[in-house]
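Please read the structure below before turning to the comments.
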Protein chains: 4
Amino acid sequence: MVVVMSPEATDEDIARVVERVESVGGEAFVSKGVVRTIIGLVGDIESFHHLNLRTLRGVADVHRISDPYKLVSRQHHPDRSTVWVGRPGQQVPIGPDTVTFIAGPCAVESAQQTLEAAQMARSAGATILRGGAYKPRTSPYAFQGLGVAGLEILADVREATGLPVVTEVVDVRDVAVVAEYADMLQIGTRNAANFGLLQAVGEAGKPVLLKRGMTATIEEWLMAAEYIAQRGNLDVVLCERGIRTFEPATRNTLDISAVPVVQAASHLPVIVDPSHAAGRKDLVVPLSRAAIAVGADGVIVDVHPKPEVALCDGPQALEGAELRELAQAMRRFPELVGRQPARAPEPVV
Amino acid sequence: MVVVMSPEATDEDIARVVERVESVGGEAFVSKGVVRTIIGLVGDIESFHHLNLRTLRGVADVHRISDPYKLVSRQHHPDRSTVWVGRPGQQVPIGPDTVTFIAGPCAVESAQQTLEAAQMARSAGATILRGGAYKPRTSPYAFQGLGVAGLEILADVREATGLPVVTEVVDVRDVAVVAEYADMLQIGTRNAANFGLLQAVGEAGKPVLLKRGMTATIEEWLMAAEYIAQRGNLDVVLCERGIRTFEPATRNTLDISAVPVVQAASHLPVIVDPSHAAGRKDLVVPLSRAAIAVGADGVIVDVHPKPEVALCDGPQALEGAELRELAQAMRRFPELVGRQPARAPEPVV
Amino acid sequence: MVVVMSPEATDEDIARVVERVESVGGEAFVSKGVVRTIIGLVGDIESFHHLNLRTLRGVADVHRISDPYKLVSRQHHPDRSTVWVGRPGQQVPIGPDTVTFIAGPCAVESAQQTLEAAQMARSAGATILRGGAYKPRTSPYAFQGLGVAGLEILADVREATGLPVVTEVVDVRDVAVVAEYADMLQIGTRNAANFGLLQAVGEAGKPVLLKRGMTATIEEWLMAAEYIAQRGNLDVVLCERGIRTFEPATRNTLDISAVPVVQAASHLPVIVDPSHAAGRKDLVVPLSRAAIAVGADGVIVDVHPKPEVALCDGPQALEGAELRELAQAMRRFPELVGRQPARAPEPVV
Amino acid sequence: MVVVMSPEATDEDIARVVERVESVGGEAFVSKGVVRTIIGLVGDIESFHHLNLRTLRGVADVHRISDPYKLVSRQHHPDRSTVWVGRPGQQVPIGPDTVTFIAGPCAVESAQQTLEAAQMARSAGATILRGGAYKPRTSPYAFQGLGVAGLEILADVREATGLPVVTEVVDVRDVAVVAEYADMLQIGTRNAANFGLLQAVGEAGKPVLLKRGMTATIEEWLMAAEYIAQRGNLDVVLCERGIRTFEPATRNTLDISAVPVVQAASHLPVIVDPSHAAGRKDLVVPLSRAAIAVGADGVIVDVHPKPEVALCDGPQALEGAELRELAQAMRRFPELVGRQPARAPEPVV
């Protein structure tokens with residue numbers, strides 16, 4: 001930590017900062033410049049937070065130097081992690097050696113629609129099925145999902161197709177039931193700072209897919225992962241899905257740079273959701289290609305057998321020719337970045 | 001609703017849109033231009049949403065024309081509302097005739113600190129006490145609030161000072177206990193899209209202070225209020241507290257224009273939180289003055305008897321000279337905009 | 001300046017930083033922490049910039065501590081400045097003791113329209129006339145202004161009304177002619193980083209009204225003022241006019257906090273343009289009130305005798321009842337913040 | 001164009017809109033809904049702009065339907081364009097069949113440094129040399145470029161290496177001299193709304209590289225290109241270089257989606273500048289790969305023989321291993337998206 005004193009700060013002001021730092025066992029290194037004095041703090045950073053140095057007379061600014069996250073940081077865990085999704089013997093990896101393809105409908109609407117979407121996904125090469133039983137919607141008048149009935153459909157479709165299932169949990173009271181049915185719990189962009197929910201999925205015993213808050217900095221996103229990790233769950237996969245900017249041509253702006261930035265800062269895997277970022281299906285294929293090329297550990301997209309009757313986000317769901325084009329990219333691009341498409345191991349016979 | 005066809009759309013494409021609109025009982029008015037055709041939709045807008053018109057061939061864009069919120073809209077409720085906070089006989093209004101001053105510590109840390117802060121607030125003219133027993137924090141390692149013990153302190157301080165209490169609820173499981181102790185439930189900026197929590201406070205029987213999500217558009221903010229209203233609770237006060245922008249000089253950018261924009265669109269009262277918007281105490285007095293001048297129905301600020309030992313947001317808490325300056329502004333400015341400072345009615349003897 | 005070393009930095013890496021700093025006559029104070037080392041730099045900051053410390057091995061980050069602006073900084077010029085606009089004997093002040101009201105049409109369209117707008121402005125209490133002869137437009141097909149003919153109209157209207165004139169210059173080749181006619185040169189939001197133009201108005205011998213770039217940080221805005229000041233012209237008035245954010249309800253988001261932030265950092269006057277920030281005339285009166293209350297040194301607004309035939313920004317121009325309401329605010333609010341409405345001194349007879 | 005009437009609009013208000021539209025030869029189609037009436041406008045859109053419909057009583061909103069750009073639009077020019085850079089017989093294409101690699105130093109500092117950088121660029125596969133002789137800098141105290149001496153160095157290095165040269169012009173007064181020396185004129189991000197400069201390069205007879213304003217919407221960016229095109233120059237290459245957002249981890253946020261969005265809307269080529277977007281050299285290789293994968297027509301990067309002594313943007317310049325890695329990506333990735341690396345044709349002997 002570095003404390004910057006204002007030009008008017010007196011020697012007494014400086015002494016008070018030093019005294020406070022030393023009162024919690026820290027060391028303070030004073031550098032007096034012509035205009036300003038800066039004080040470098042050495043010691044246990046957590047203890048410094050409670051000193052409220054910014055409120056002391058003569059203090060102009062306090063710069064934090066160290067990362068605020070620990071468990072998810074790459075600093076003490078240099079090797080990048082792989083998270084395994086699915087039942088023993090049928091697990092799919094998400095990590096640095098593979099590119100994992102996750103696909104499925106935005107919302108579970110019926111058994112038939114979900115099964116058809118899962119078959120489309122599997123045919124295109126996806127090895128994990130996505131699908132929402134609980135839908136967070138901006139309008140209270142919009143379709144809110146089938147709830148437990150939707151979870152049951154997902155479980156049935158998993159039986160039929162062999163694909164592990166990732167599905168969103170939006171309410172802390174639903175964590176137990178969702179964890180019972182799903183192979184991976186998704187935290188959506190609107191719940192990226194719902195700390196109680198983050199803690200609950202940290203204790204639920206299943207891997208977590210943590211979407212970036214549409215307005216979260218990368219540091220805040222990693223702190224959300226830290227909330228989960230702090231409860232004992234390090235099986236967290238991060239998902240970049242676009243941030244809110246002034247540009248109206250896309251629903252959000254896919255922050256593709258976030259992938260290598262996160263990979264440098266954290267050992268957790270990071271995947272990309274081009275469907276929700278763009279909100280336009282014509283951008284899904286080029287953005288998926290870009291995601292693989294930039295080094296993402298996976299891609300998650302919306303598919304739907306009949307986008308024109310979808311109850312949620314139909315305009316971004318792939319089908320037909322575009323899905324075939326995506327399938328081809330998912331097969332051909334990983335090799336260029338030294339990876340393999342992630343496959344489910346054959347079931348043990 | 002207006003459907004804009006792409007220049008390549010065929011007559012058949014246009015006919016299909018018309019047909020779908022008519023299939024749910026709507027009317028479609030076709031305007032053929034030289035380059036493009038536009039189709040105006042008349043009828044029940046909710047039924048149009050499920051048509052997924054944007055996914056049809058030849059459709060370039062769909063513009064929504066009507067506001068998506070209803071209960072909180074000023075359209076069918078032209079008079080602006082007043083929300084009353086506190087126990088019968090001691091209620092404080094927040095509405096169009098008054099400017100309500102709410103103050104207190106960011107976090108409840110101890111009985112003594114809370115009582116002192118409440119006395120500071122009351123001396124400065126505040127008529128509602130704010131204070132957090134549950135604190136949503138970006139870091140899992142930061143002080144998370146005293147919980148129920150904090151609620152009990154707040155209730156005691158209310159007895160001692162006569163000030164009704166507003167306090168934040170961050171978890172749907174805590175709504176009942178918070179509603180038992182508090183006079184008004186606060187939904188914080190990070191929970192502005194926590195729809196389950198919004199619905200729960202909509203059923204809790206207490207007025208709600210709904211902070212704007214730091215990344216929410218005004219329309220999304222009003223939709224969050226609609227979630228509460230839809231559960232039967234129209235006693236919602238909106239609170240502008242800054243939005244996230246590229247400007248680093250302030251923690252967030254106070255969107256002062258949001259006050260008259262909201263007042264034109266909704267009948268709900270709207271107040272301003274300059275402390276959390278700016279994150280710097282030197283800006284709290286000028287921004288509070290601006291809030292009253294722009295027509296806000298109230299102001300909510302952080303005060304603390306000893307900001308340098310505060311466990312939360314010390315750098316923005318007022319005390320001493322700055323608090324006296326704010327108190328003066330709260331007395332003198334309302335008259336200029338044709339309002340009175342809100343006072344609690346004398347207790348019934 | 002503070003150099004933060006990465007956790008992997010070696011003693012040799014640290015020594016190299018120290019050596020480079022000392023090579024230009026600076027001093028380097030090393031603070032070794034458990035995880036990281038930080039190095040405080042003392043000496044001539046300009047010489048440090050050329051060291052490219054960020055490119056050295058082991059350097060994680062470099063924090064600048066001092067403000068990059070000098071001439072416009074309040075640090076060595078603690079008293080806030082007053083800028084005088086107009087011919088000797090008829091000058092209008094913009095500064096800390098007054099609130100200056102500037103009004104006029106967005107664009108000069110004709111002699112009659114400009115005269116009528118000026119009379120409206122003067123009747124409402126304005127003491128400086130605004131009006132554009134050169135209009136920067138997003139579309140090459142939109143009205144681009146009357147050019148020199150517009151400048152002549154402005155000069156005539158100044159004769160007729162006694163109001164000094166501020167008008168925009170958009171091209172470095174026009175600076176001389178605009179400076180010949182106008183009393184104050186305006187740099188618009190789109191030219192806030194047009195450094196050649198900034199330097200040219202710095203040498204033109206007339207006061208400058210410098211609008212904030214719609215995407216400029218406050219620091220970048222002050223650096224733009226520094227460009228003007230560095231050419232010898234300290235008669236610069238800053239104008240906050242809204243920044244670009246994600247909120248679509250207003251054309252831009254008026255950053256009202258920028259007023260006190262700038263006043264703490266710089267001695268230059270700062271005014272507010274609510275018309276261009278909001279783009280909606282119903283917001284101009286409340287935002288003007290807020291501007292005075294927050295402590296702005298003036299307000300600049302669009303007025304037009306017939307907004308419905310304006311060639312530019314008609315939807316935001318005031319007239320009639322709204323202009324009278326604004327006039328009243330401009331008379332009554334300054335006193336509350338300890339100021340007077342700025343008046344032109346009576347002409348010397 | 002669609003005019004949305006407010007719910008309170010009267011029949012008379014509607015009639016007035018219709019009348020005004022018809023007064024300029026347009027047709028107005030009225031769709032009366034239960035709550036609101038909408039009016040579709042058909043005819044010459046330019047004539048509608050001058051009607052100021054938004055200022056008429058009863059008008060709530062006016063939606064533009066057509067794109068405001070014409071010459072750069074893909075609507076009447078469905079085939080994507082190729083721009084050729086360099087002298088006859090040695091021209092390098094930028095267009096839909098190739099991926100063009102442009103590299104060089106941020107600033108021309110000396111003959112030796114520029115020559116070495118050009119040789120690095122050529123060895124890595126670049127076929128166009130970039131380098132700035134005029135540098136727009138946020139601080140008036142920073143290195144502003146060598147000016148004409150820099151242009152001469154660039155011309156010499158072109159002779160020595162055979163690489164055509166693209167260099168920035170920042171002042172309208174320099175357009176002629178820059179056009180004399182350079183093969184392609186660059187408009188930088190800060191001049192994206194400097195309309196006089198855009199018009200001047202539109203008349204300068206050389207291809208233009210138009211960087212996106214760091215705060216420009218895609219529509220505004222295309223309108224800037226329209227300014228150039230309207231002066232007769234359709235040899236415009238667009239360059240995405242990051243937009244300003246709230247995320248501090250990168251200097252700007254590379255809007256990778258802008259590439260396919262622009263390609264759908266305009267026939268002009270579009271390339272990507274990962275160096276200036278990220279401001280960090282460790283991101284340049286992954287972002288360059290992403291750019292090719294998303295379908296960009298080229299990539300432009302900073303290289304420098306000695307980044308640690310660079311006078312401008314050293315921290316983002318590539319050299320050594322990273323440049324070799326980029327060179328490999330530039331050779332291997334284009335094929336995957338059905339393209340060839342752009343090569344200069346052999347000189348005519």
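Going through the structure tokens in order, the chains are called A, B, and so on, while each chain numbers its residues from 1 and the ligands are numbered from 1 in the order shown.
If we count only C-alpha atoms, these residues of chain B sit within 6 Å of chain D: B:Gly33, B:Val42, B:Thr245, B:Phe246.
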Item to complete: Using only C-alpha atoms, determine which residues lie at most 10 Å from D:Gln328, disregarding the query and same-chain residues fewer than 5 positions distant; provide the list as an MDAnalysis selection string.
Response: chainID D and resid 124:125 285 322:323 333
Worksheet entry | Distance in Å - atom CA of D:Asp11 versus atom CA of B:Ile45 | 22.5 Å
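Of all the residues in stretch 150-207 of chain A, the ones DSSP labels as strand (DSSP E or B) from the backbone are Val165, Val166, Thr167, Glu168, Met184, Leu185, Gln186 and Ile187 of chain A.
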How would the residues just chosen look if you wrote them out with N, CA, C and O atoms as a PDB file, in the first residue's frame?
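Now in part-v8.pdb:
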ATOM      1  N   VAL A 165     -25.142 -31.270 -17.346  1.00  0.00           N
ATOM      2  CA  VAL A 165     -26.025 -30.108 -17.439  1.00  0.00           C
ATOM      3  C   VAL A 165     -25.528 -28.953 -16.571  1.00  0.00           C
ATOM      4  O   VAL A 165     -25.189 -29.149 -15.405  1.00  0.00           O
ATOM      5  N   VAL A 166     -25.484 -27.759 -17.166  1.00  0.00           N
ATOM      6  CA  VAL A 166     -25.243 -26.549 -16.383  1.00  0.00           C
ATOM      7  C   VAL A 166     -26.504 -25.691 -16.451  1.00  0.00           C
ATOM      8  O   VAL A 166     -27.068 -25.494 -17.522  1.00  0.00           O
ATOM      9  N   THR A 167     -26.961 -25.226 -15.281  1.00  0.00           N
ATOM     10  CA  THR A 167     -28.197 -24.445 -15.253  1.00  0.00           C
ATOM     11  C   THR A 167     -28.092 -23.381 -14.178  1.00  0.00           C
ATOM     12  O   THR A 167     -27.368 -23.536 -13.195  1.00  0.00           O
ATOM     13  N   GLU A 168     -28.812 -22.286 -14.396  1.00  0.00           N
ATOM     14  CA  GLU A 168     -28.668 -21.118 -13.527  1.00  0.00           C
ATOM     15  C   GLU A 168     -29.480 -21.254 -12.248  1.00  0.00           C
ATOM     16  O   GLU A 168     -30.600 -21.774 -12.249  1.00  0.00           O
ATOM     17  N   MET A 184     -23.554 -28.588 -12.826  1.00  0.00           N
ATOM     18  CA  MET A 184     -22.793 -27.359 -12.659  1.00  0.00           C
ATOM     19  C   MET A 184     -23.816 -26.248 -12.430  1.00  0.00           C
ATOM     20  O   MET A 184     -24.843 -26.188 -13.110  1.00  0.00           O
ATOM     21  N   LEU A 185     -23.523 -25.356 -11.466  1.00  0.00           N
ATOM     22  CA  LEU A 185     -24.455 -24.274 -11.143  1.00  0.00           C
ATOM     23  C   LEU A 185     -23.979 -22.988 -11.806  1.00  0.00           C
ATOM     24  O   LEU A 185     -22.819 -22.605 -11.661  1.00  0.00           O
ATOM     25  N   GLN A 186     -24.888 -22.325 -12.498  1.00  0.00           N
ATOM     26  CA  GLN A 186     -24.517 -21.059 -13.134  1.00  0.00           C
ATOM     27  C   GLN A 186     -24.987 -19.881 -12.284  1.00  0.00           C
ATOM     28  O   GLN A 186     -26.118 -19.858 -11.815  1.00  0.00           O
ATOM     29  N   ILE A 187     -24.086 -18.913 -12.078  1.00  0.00           N
ATOM     30  CA  ILE A 187     -24.463 -17.624 -11.482  1.00  0.00           C
ATOM     31  C   ILE A 187     -24.523 -16.631 -12.625  1.00  0.00           C
ATOM     32  O   ILE A 187     -23.528 -16.429 -13.333  1.00  0.00           O
TER      33      ILE A 187
END
Discussion item. What's around stretch 225-239 of chain D at 8 Å? Count only C-alpha atoms, leave out sequence neighbours fewer than 2 positions away in its own chain, and write the answer as a ChimeraX atom specification.
Written reply: /C:139-140 /D:69-72,83-84,94,195,198-203,205-212,221-223,241,268-273
Restricted to N, CA, C and O atoms, what would the selected residues look like written as a compact mmCIF listing (two decimals), in the first residue's frame?
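Dumped everything to part.txt:
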# COMPACT_ATOMS: atom_id res chain seq x y z
N SER C 139 -23.23 14.62 -39.25
CA SER C 139 -23.50 14.28 -40.64
C SER C 139 -22.99 15.36 -41.59
O SER C 139 -23.23 16.55 -41.37
N PRO C 140 -22.30 14.96 -42.66
CA PRO C 140 -21.85 15.96 -43.64
C PRO C 140 -23.02 16.59 -44.39
O PRO C 140 -22.84 17.57 -45.10
N TYR D 69 -25.76 7.10 -43.18
CA TYR D 69 -24.64 7.15 -44.13
C TYR D 69 -25.10 6.51 -45.43
O TYR D 69 -26.00 5.67 -45.45
N LYS D 70 -24.50 6.94 -46.52
CA LYS D 70 -24.94 6.48 -47.83
C LYS D 70 -23.78 5.88 -48.63
O LYS D 70 -23.82 4.76 -49.06
N LEU D 71 -22.74 6.72 -48.83
CA LEU D 71 -21.65 6.31 -49.71
C LEU D 71 -20.87 5.14 -49.15
O LEU D 71 -20.34 4.33 -49.89
N VAL D 72 -20.79 5.05 -47.83
CA VAL D 72 -20.00 3.97 -47.24
C VAL D 72 -20.89 2.77 -46.88
O VAL D 72 -20.39 1.75 -46.44
N VAL D 83 -9.00 -1.75 -50.67
CA VAL D 83 -8.23 -0.51 -50.81
C VAL D 83 -6.78 -0.89 -51.07
O VAL D 83 -6.23 -1.77 -50.38
N TRP D 84 -6.17 -0.24 -52.06
CA TRP D 84 -4.78 -0.56 -52.42
C TRP D 84 -3.88 0.56 -51.91
O TRP D 84 -4.13 1.73 -52.15
N ILE D 94 -5.83 -4.10 -48.99
CA ILE D 94 -6.54 -4.32 -47.72
C ILE D 94 -7.99 -4.57 -48.10
O ILE D 94 -8.65 -3.67 -48.62
N PHE D 195 -14.08 17.42 -38.18
CA PHE D 195 -14.70 17.30 -39.50
C PHE D 195 -13.92 18.01 -40.60
O PHE D 195 -13.88 17.55 -41.73
N LEU D 198 -11.24 15.68 -41.63
CA LEU D 198 -11.80 14.58 -42.41
C LEU D 198 -12.05 15.02 -43.85
O LEU D 198 -11.73 14.30 -44.80
N GLN D 199 -12.61 16.22 -43.99
CA GLN D 199 -12.86 16.72 -45.36
C GLN D 199 -11.54 16.92 -46.11
O GLN D 199 -11.44 16.61 -47.30
N ALA D 200 -10.53 17.42 -45.39
CA ALA D 200 -9.25 17.68 -46.05
C ALA D 200 -8.61 16.40 -46.55
O ALA D 200 -8.09 16.34 -47.67
N VAL D 201 -8.61 15.34 -45.74
CA VAL D 201 -8.02 14.09 -46.23
C VAL D 201 -8.90 13.47 -47.31
O VAL D 201 -8.42 12.69 -48.14
N GLY D 202 -10.17 13.84 -47.31
CA GLY D 202 -11.05 13.38 -48.39
C GLY D 202 -10.66 13.96 -49.74
O GLY D 202 -11.06 13.44 -50.78
N GLU D 203 -9.90 15.03 -49.70
CA GLU D 203 -9.50 15.69 -50.96
C GLU D 203 -8.02 15.52 -51.25
O GLU D 203 -7.50 16.12 -52.21
N GLY D 205 -6.20 12.84 -52.07
CA GLY D 205 -5.75 11.92 -53.12
C GLY D 205 -4.98 10.71 -52.64
O GLY D 205 -4.33 10.03 -53.44
N LYS D 206 -5.04 10.42 -51.36
CA LYS D 206 -4.37 9.22 -50.85
C LYS D 206 -5.37 8.40 -50.04
O LYS D 206 -6.31 8.97 -49.45
N PRO D 207 -5.15 7.08 -49.95
CA PRO D 207 -6.03 6.28 -49.08
C PRO D 207 -5.93 6.75 -47.63
O PRO D 207 -4.90 7.31 -47.23
N VAL D 208 -6.99 6.50 -46.88
CA VAL D 208 -7.06 6.98 -45.50
C VAL D 208 -7.28 5.80 -44.55
O VAL D 208 -8.09 4.91 -44.83
N LEU D 209 -6.56 5.80 -43.45
CA LEU D 209 -6.79 4.84 -42.37
C LEU D 209 -7.50 5.59 -41.25
O LEU D 209 -6.92 6.47 -40.61
N LEU D 210 -8.78 5.28 -41.05
CA LEU D 210 -9.61 6.06 -40.12
C LEU D 210 -9.82 5.28 -38.83
O LEU D 210 -10.61 4.34 -38.77
N LYS D 211 -9.13 5.71 -37.78
CA LYS D 211 -9.32 5.05 -36.50
C LYS D 211 -10.66 5.45 -35.88
O LYS D 211 -11.13 6.58 -36.08
N ARG D 212 -11.23 4.53 -35.15
CA ARG D 212 -12.48 4.83 -34.47
C ARG D 212 -12.21 5.76 -33.29
O ARG D 212 -11.24 5.57 -32.56
N TRP D 221 -18.75 6.53 -36.30
CA TRP D 221 -17.51 6.19 -37.00
C TRP D 221 -17.77 6.11 -38.52
O TRP D 221 -17.00 6.66 -39.32
N LEU D 222 -18.86 5.47 -38.89
CA LEU D 222 -19.20 5.38 -40.31
C LEU D 222 -19.56 6.76 -40.87
O LEU D 222 -19.30 7.06 -42.03
N MET D 223 -20.14 7.62 -40.03
CA MET D 223 -20.42 8.99 -40.49
C MET D 223 -19.12 9.76 -40.71
O MET D 223 -19.04 10.60 -41.60
N ARG D 241 -9.84 0.33 -32.54
CA ARG D 241 -8.68 0.45 -31.66
C ARG D 241 -9.07 0.61 -30.19
O ARG D 241 -8.32 1.13 -29.40
N LEU D 268 -16.58 -0.94 -46.63
CA LEU D 268 -15.18 -0.57 -46.41
C LEU D 268 -14.44 -1.65 -45.63
O LEU D 268 -15.02 -2.30 -44.77
N PRO D 269 -13.13 -1.81 -45.89
CA PRO D 269 -12.34 -2.75 -45.09
C PRO D 269 -12.21 -2.27 -43.65
O PRO D 269 -12.29 -1.06 -43.38
N VAL D 270 -11.99 -3.21 -42.74
CA VAL D 270 -11.84 -2.84 -41.33
C VAL D 270 -10.72 -3.68 -40.72
O VAL D 270 -10.68 -4.90 -40.89
N ILE D 271 -9.78 -3.00 -40.08
CA ILE D 271 -8.66 -3.69 -39.45
C ILE D 271 -8.68 -3.41 -37.94
O ILE D 271 -9.51 -2.64 -37.46
N VAL D 272 -7.76 -4.03 -37.21
CA VAL D 272 -7.75 -3.95 -35.75
C VAL D 272 -6.37 -3.53 -35.26
O VAL D 272 -5.35 -4.01 -35.77
N ASP D 273 -6.34 -2.63 -34.28
CA ASP D 273 -5.10 -2.20 -33.64
C ASP D 273 -5.10 -2.69 -32.18
O ASP D 273 -5.64 -2.03 -31.30
Fill in: Nearest candidate to D:Ala293 (options D:Leu311, D:Ala278, D:Ala126, D:Val99; using only C-alpha atoms)
D:Val99
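Taking atom CA of C:Ile128 as the reference point, atom CA of C:Pro286 is found at 21.0 Å.
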Practice prompt. Could you please write out, as a PyMOL selection string, every residue of stretch 79-203 of chain B that DSSP assigns to helix (DSSP H, G or I)?
Written response: chain B and resi 111-123+148-161+172-181+189-191+195-202
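Here atom CA of C:Glu308 stands at a distance of 5.3 Å from atom CA of D:Thr55.
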Give me the residues of stretch 139-173 of chain D that have any atom at most 12 Å from an atom of stretch 102-107 of chain D; for each, the nearest atom pair and the distance in Å, rounded to one decimal. Use only C-alpha atoms, sort by chain and number, and format it as CSV.
residue,atom,partner,partner_atom,distance
D:Phe143,CA,D:Ala107,CA,9.3
D:Gln144,CA,D:Ala107,CA,9.1
D:Gly145,CA,D:Ala107,CA,6.7
D:Leu146,CA,D:Ala107,CA,8.6
D:Gly147,CA,D:Ala107,CA,10.5
D:Gly150,CA,D:Ala107,CA,8.7
D:Leu151,CA,D:Ala107,CA,10.9
D:Ile153,CA,D:Ala107,CA,11.4
D:Leu154,CA,D:Gly104,CA,10.5
D:Val157,CA,D:Gly104,CA,11.1
D:Arg158,CA,D:Gly104,CA,11.8
D:Leu163,CA,D:Ile102,CA,9.6
D:Pro164,CA,D:Ile102,CA,9.7
D:Val165,CA,D:Ile102,CA,9.2
D:Val166,CA,D:Ile102,CA,8.7
D:Thr167,CA,D:Ala107,CA,9.4
D:Glu168,CA,D:Ala107,CA,9.9
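Proximity of D:Ala258, D:Arg57, D:Met120, D:Ser266 to D:Ala317, computed with only C-alpha atoms, is greatest for D:Met120.
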Discussion item. Under the rule that only C-alpha atoms are counted, which of C:Asp13, C:Glu159, C:Asp313, C:Asp67 is the nearest residue to D:His49?
Written reply: C:Asp313
